[in-house]
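Right, one structure below, let's go through it.
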Amino acid sequence: MELIDTHCHLTFEELASDVDSVVERSRAAGVTSWITVETDTQQNRKAIELAGKFKNMYATVGIHPHEAGNVTAETIVELKKLAQNENVVAIGETGLDFHYDFSKHEDQRRLFARHLKIAAELNLPVIVHCREAFDDTMEILERHGCGVKRAVFHCFGGSAEQAKIVLDYGFYISFTGVVTFKNAEAVREAANIVPLDRLMLETDCPYMSPEPMRKQKINEPAFMTHTAGCLAELKQMHLADFAKAITATSKAFFALPDE
Ligand SMILES: [Zn+2]
Ligand SMILES: [Zn+2]
C-alpha cells in the first residue's frame with residue numbers, strides 16, 4: 001500500500017522536532033508520500049527546505065486565513081516567489097474561516113482572491129480551507145477562480161448537499177480523521193457521494209487524530225491508515241484497491257512525478 005498524506009503540517013513544532021522518526025513510522029505504515037502544507041511566510045520557507053530533504057515529500061505555500069490581518073504587499077511578493085520553487089506543488093492553504101474569526105472577513109476575502117490569482121498565473125492547484133463560510137467560499141471561487149485548474153476542499157466537514165455543489169463545480173474533496181469520529185455521520189454521508197477520482201485523504205496533522213488514535217494528542221501521517229480503512233469500508237472496497245485509486249487521484253491533482 002502506498003498512500004499520500006495530501007495535507008500535513010510537518011514543519012509545525014509538534015512534528016518538526018522529530019520529523020525523521022515521523023517519516024519512518026509513516027513509511028512503515030504505508031503512507032509513503034507527503035504534501036506539507038503551509039500557513040505563513042516563515043513556515044513556507046521551512047517547508048520548501050524540508051521537502052528538499054525527503055524523497056516523495058512536497059511543499060505548498062500559502063497564508064492561512066487566520067493570518068489575513070498581517071499581510072502586506074511584500075508578503076504577497078514573497079509568496080509568489082516561493083511558489084515558483086521546484087518543491088512546491090500547490091498554493092494554500094487559503095480560504096475563509098468564519099468559525100475562529102481570527103481576522104476580518106474582508107481581509108480574508110481579499111487574501112483568498114490573491115491566492116487564486118497567483119495559482120492561476122503559475123498554473124498550480126489550490127488547497128481551500130473553508131470553515132463555516134461555505135457560501136462565501138463558493139462565491140469567491142466563482143468570481144476569482146476561473147483561471148484555477150484544480151482546487152480541493154480540505155478537511156471537509158460539510159453535508160452531502162454541499163459536497164455535491166463542490167463536485168458540480170469540478171472541485172476535489174479531501175477528508176481527515178474526522179470521518180472516523182462516532183458523531184460524524186453527516187461527513188460519512190458526504191464521503192459516500194464523492195467518486196474516487198475526486199477524493200483524497202489527509203491527516204491535517206498534528207491535529208485531527210482519527211479513531212482509534214483520537215486520545216493520542218499529536219496526530220501524524222502514519223495514522224492516516226485508520227482513515228483509509230474507514231473510508232474503504234464505507235465504499236465497500238478492499239483497502240488496497242481503495243488506496244490505489246485515491247493515490248492515483250492525488251498524484252494527478254498535484255501533478256506528482258511517476259517514479
Ligand atoms: Zn485548514
Ligand atoms: Zn491544515
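Residue numbering restarts at 1 for every chain of the C-alpha cells, chains are lettered A, B, ... in their displayed order, and ligands are numbered from 1 as they appear.
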
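Near Val37 in chain A, within 9 Å and counting only C-alpha atoms, sit Thr6, His7, Cys8, His9, Leu10, Thr11, Gln43, Asn44, Ala47, Tyr58, Ala59, Thr60, Val61, Gly62, Ala90, Ile91, Gly92, Glu93, Ile127 and Asp204 of chain A; same-chain residues fewer than 6 positions away were not included.
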
Per-residue nearest contacts of range 88-194 of chain A to range 222-237 of chain A (9 Å; only C-alpha atoms) as CSV:
residue,atom,partner,partner_atom,distance
A:Phe175,CA,A:Thr227,CA,8.3
A:Thr176,CA,A:Thr227,CA,7.0
A:Gly177,CA,A:Thr227,CA,5.4
A:Val178,CA,A:Thr227,CA,8.3
A:Val179,CA,A:Thr227,CA,7.0
A:Thr180,CA,A:Thr227,CA,6.2
A:Arg188,CA,A:Leu234,CA,7.8
A:Ala191,CA,A:Leu231,CA,7.8
A:Asn192,CA,A:Lys235,CA,6.8

query = CA of Phe181 in chain A and CA of Ser209 in chain A, how far apart in Å?
reply = 9.6 Å

key: Members of range 94-209 of chain A assigned strand (DSSP E) by DSSP, as a VMD selection string   = chain A and resid 94 to 97 126 to 131 151 to 153 172 to 175 199 to 201

Keeping only all heavy atoms, write those residues as a short mmCIF file (atom, residue, chain, number, x, y, z; two decimals), in the first residue's frame.
data_model
loop_
_atom_site.label_atom_id
_atom_site.label_comp_id
_atom_site.auth_asym_id
_atom_site.auth_seq_id
_atom_site.Cartn_x
_atom_site.Cartn_y
_atom_site.Cartn_z
N THR A 94 -5.46 28.26 1.79
CA THR A 94 -6.09 29.58 1.71
C THR A 94 -7.59 29.37 1.77
O THR A 94 -8.06 28.25 1.62
CB THR A 94 -5.67 30.27 0.40
OG1 THR A 94 -6.30 31.54 0.34
CG2 THR A 94 -6.09 29.45 -0.84
N GLY A 95 -8.32 30.43 2.00
CA GLY A 95 -9.77 30.28 2.08
C GLY A 95 -10.36 31.19 3.13
O GLY A 95 -9.83 32.28 3.39
N LEU A 96 -11.45 30.71 3.75
CA LEU A 96 -12.16 31.54 4.72
C LEU A 96 -12.44 30.73 5.98
O LEU A 96 -12.85 29.57 5.89
CB LEU A 96 -13.50 32.02 4.13
CG LEU A 96 -13.45 32.79 2.82
CD1 LEU A 96 -14.87 33.06 2.32
CD2 LEU A 96 -12.70 34.12 2.98
N ASP A 97 -12.21 31.34 7.12
CA ASP A 97 -12.53 30.70 8.40
C ASP A 97 -13.35 31.67 9.23
O ASP A 97 -12.81 32.57 9.87
CB ASP A 97 -11.24 30.30 9.13
CG ASP A 97 -11.53 29.35 10.29
OD1 ASP A 97 -12.49 29.62 11.04
OD2 ASP A 97 -10.83 28.34 10.42
N VAL A 126 -5.01 24.52 -5.98
CA VAL A 126 -5.25 25.31 -4.76
C VAL A 126 -5.84 24.42 -3.66
O VAL A 126 -6.72 23.60 -3.92
CB VAL A 126 -6.24 26.46 -5.04
CG1 VAL A 126 -6.56 27.23 -3.77
CG2 VAL A 126 -5.68 27.40 -6.09
N ILE A 127 -5.33 24.60 -2.43
CA ILE A 127 -5.90 23.91 -1.26
C ILE A 127 -6.77 24.89 -0.50
O ILE A 127 -6.28 25.92 0.01
CB ILE A 127 -4.78 23.38 -0.35
CG1 ILE A 127 -3.96 22.33 -1.12
CG2 ILE A 127 -5.38 22.77 0.92
CD1 ILE A 127 -2.76 21.83 -0.37
N VAL A 128 -8.06 24.58 -0.44
CA VAL A 128 -9.03 25.51 0.14
C VAL A 128 -9.41 25.09 1.56
O VAL A 128 -9.80 23.95 1.80
CB VAL A 128 -10.31 25.56 -0.73
CG1 VAL A 128 -11.34 26.50 -0.11
CG2 VAL A 128 -9.98 25.99 -2.16
N HIS A 129 -9.28 26.04 2.48
CA HIS A 129 -9.73 25.86 3.86
C HIS A 129 -11.05 26.62 3.99
O HIS A 129 -11.10 27.82 3.74
CB HIS A 129 -8.67 26.44 4.81
CG HIS A 129 -9.07 26.51 6.24
ND1 HIS A 129 -8.60 25.63 7.20
CD2 HIS A 129 -9.91 27.35 6.90
CE1 HIS A 129 -9.13 25.93 8.37
NE2 HIS A 129 -9.94 26.98 8.21
N CYS A 130 -12.10 25.89 4.38
CA CYS A 130 -13.42 26.53 4.45
C CYS A 130 -14.09 26.11 5.74
O CYS A 130 -14.39 24.93 5.93
CB CYS A 130 -14.24 26.10 3.24
SG CYS A 130 -15.99 26.46 3.36
N ARG A 131 -14.29 27.04 6.64
CA ARG A 131 -14.92 26.70 7.91
C ARG A 131 -16.03 27.69 8.20
O ARG A 131 -15.78 28.90 8.33
CB ARG A 131 -13.84 26.71 9.01
CG ARG A 131 -14.31 26.15 10.30
CD ARG A 131 -13.53 24.91 10.72
NE ARG A 131 -14.21 24.30 11.85
CZ ARG A 131 -13.69 24.16 13.05
NH1 ARG A 131 -12.45 24.50 13.29
NH2 ARG A 131 -14.41 23.62 14.02
N ALA A 151 -8.92 22.60 -7.61
CA ALA A 151 -8.98 23.05 -6.22
C ALA A 151 -9.56 21.93 -5.38
O ALA A 151 -10.41 21.17 -5.85
CB ALA A 151 -9.86 24.30 -6.10
N VAL A 152 -9.07 21.82 -4.14
CA VAL A 152 -9.59 20.80 -3.22
C VAL A 152 -10.10 21.48 -1.95
O VAL A 152 -9.45 22.39 -1.43
CB VAL A 152 -8.52 19.74 -2.87
CG1 VAL A 152 -7.27 20.35 -2.23
CG2 VAL A 152 -9.09 18.65 -1.95
N PHE A 153 -11.27 21.05 -1.51
CA PHE A 153 -11.78 21.47 -0.20
C PHE A 153 -11.18 20.51 0.82
O PHE A 153 -11.53 19.34 0.86
CB PHE A 153 -13.31 21.40 -0.18
CG PHE A 153 -13.97 22.62 -0.75
CD1 PHE A 153 -13.74 23.00 -2.07
CD2 PHE A 153 -14.79 23.42 0.04
CE1 PHE A 153 -14.33 24.14 -2.60
CE2 PHE A 153 -15.39 24.56 -0.48
CZ PHE A 153 -15.16 24.93 -1.79
N TYR A 172 -12.30 19.06 -5.98
CA TYR A 172 -12.00 17.82 -5.27
C TYR A 172 -12.34 17.98 -3.79
O TYR A 172 -12.47 19.10 -3.29
CB TYR A 172 -10.51 17.47 -5.40
CG TYR A 172 -10.08 17.09 -6.79
CD1 TYR A 172 -10.18 18.00 -7.85
CD2 TYR A 172 -9.56 15.83 -7.06
CE1 TYR A 172 -9.77 17.64 -9.14
CE2 TYR A 172 -9.15 15.47 -8.34
CZ TYR A 172 -9.26 16.39 -9.37
OH TYR A 172 -8.87 16.04 -10.63
N ILE A 173 -12.43 16.85 -3.10
CA ILE A 173 -12.75 16.88 -1.66
C ILE A 173 -11.79 15.96 -0.92
O ILE A 173 -11.53 14.83 -1.34
CB ILE A 173 -14.21 16.44 -1.42
CG1 ILE A 173 -15.17 17.46 -2.06
CG2 ILE A 173 -14.49 16.31 0.08
CD1 ILE A 173 -16.64 17.16 -1.88
N SER A 174 -11.24 16.49 0.18
CA SER A 174 -10.30 15.71 0.98
C SER A 174 -10.82 15.56 2.40
O SER A 174 -11.34 16.50 2.99
CB SER A 174 -8.94 16.42 0.96
OG SER A 174 -8.07 15.82 1.87
N PHE A 175 -10.65 14.33 2.93
CA PHE A 175 -11.17 14.02 4.26
C PHE A 175 -10.03 13.76 5.24
O PHE A 175 -9.03 13.14 4.89
CB PHE A 175 -12.08 12.80 4.21
CG PHE A 175 -13.34 13.05 3.43
CD1 PHE A 175 -13.42 12.70 2.08
CD2 PHE A 175 -14.43 13.66 4.02
CE1 PHE A 175 -14.57 12.95 1.35
CE2 PHE A 175 -15.59 13.91 3.30
CZ PHE A 175 -15.66 13.56 1.96
N LEU A 199 -11.59 12.16 -4.80
CA LEU A 199 -11.45 12.02 -3.35
C LEU A 199 -9.99 11.87 -2.94
O LEU A 199 -9.25 11.10 -3.54
CB LEU A 199 -12.27 10.80 -2.89
CG LEU A 199 -12.45 10.56 -1.39
CD1 LEU A 199 -13.78 9.85 -1.15
CD2 LEU A 199 -11.33 9.77 -0.79
N MET A 200 -9.60 12.63 -1.92
CA MET A 200 -8.25 12.49 -1.38
C MET A 200 -8.33 12.38 0.14
O MET A 200 -9.35 12.67 0.74
CB MET A 200 -7.39 13.69 -1.79
CG MET A 200 -7.23 13.79 -3.31
SD MET A 200 -5.93 14.91 -3.84
CE MET A 200 -6.74 16.48 -3.71
N LEU A 201 -7.22 11.92 0.73
CA LEU A 201 -7.14 11.80 2.18
C LEU A 201 -5.98 12.62 2.71
O LEU A 201 -5.00 12.86 2.01
CB LEU A 201 -6.92 10.34 2.60
CG LEU A 201 -8.07 9.36 2.44
CD1 LEU A 201 -7.69 8.06 3.12
CD2 LEU A 201 -9.35 9.92 3.02
#

task = Have a look at A:Ile218, A:Leu111, A:Ala186, A:Met208 and name the one nearest to Asp18 in chain A; count only C-alpha atoms.
result = A:Ile218

message = I'd like the contact shell of Glu189 in chain A - 9 Å cut-off, only C-alpha atoms, skipping same-chain residues fewer than 4 positions apart - returned as a PyMOL selection string.
response = chain A and resi 159-160+184-185+193

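Candidate residues A:Phe12, A:Phe171, A:Phe112, A:Phe98 were compared for distance to Arg143 in chain A, and the nearest is A:Phe112, using only C-alpha atoms.
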
task = Using DSSP on the backbone coordinates, identify all residues within range 76-247 of chain A classified as helix (DSSP H, G or I); present the result as an MDAnalysis selection string.
result = chainID A and resid 76:83 105:122 134:144 160:168 177:180 185:192 196:198 221:234 239:247

inquiry  = Applying 12 Å and only C-alpha atoms, which residues near Leu3 in chain A remain after dropping the ones on its own chain fewer than 3 positions away? List them as a PyMOL selection string.
reply    = chain A and resi 6+26-35+56+200-203+221-229+239-251

remark   = Among A:His154, A:Lys81, A:His144, A:Arg45, Arg114 in chain A is approached most closely, using only C-alpha atoms, by A:His144
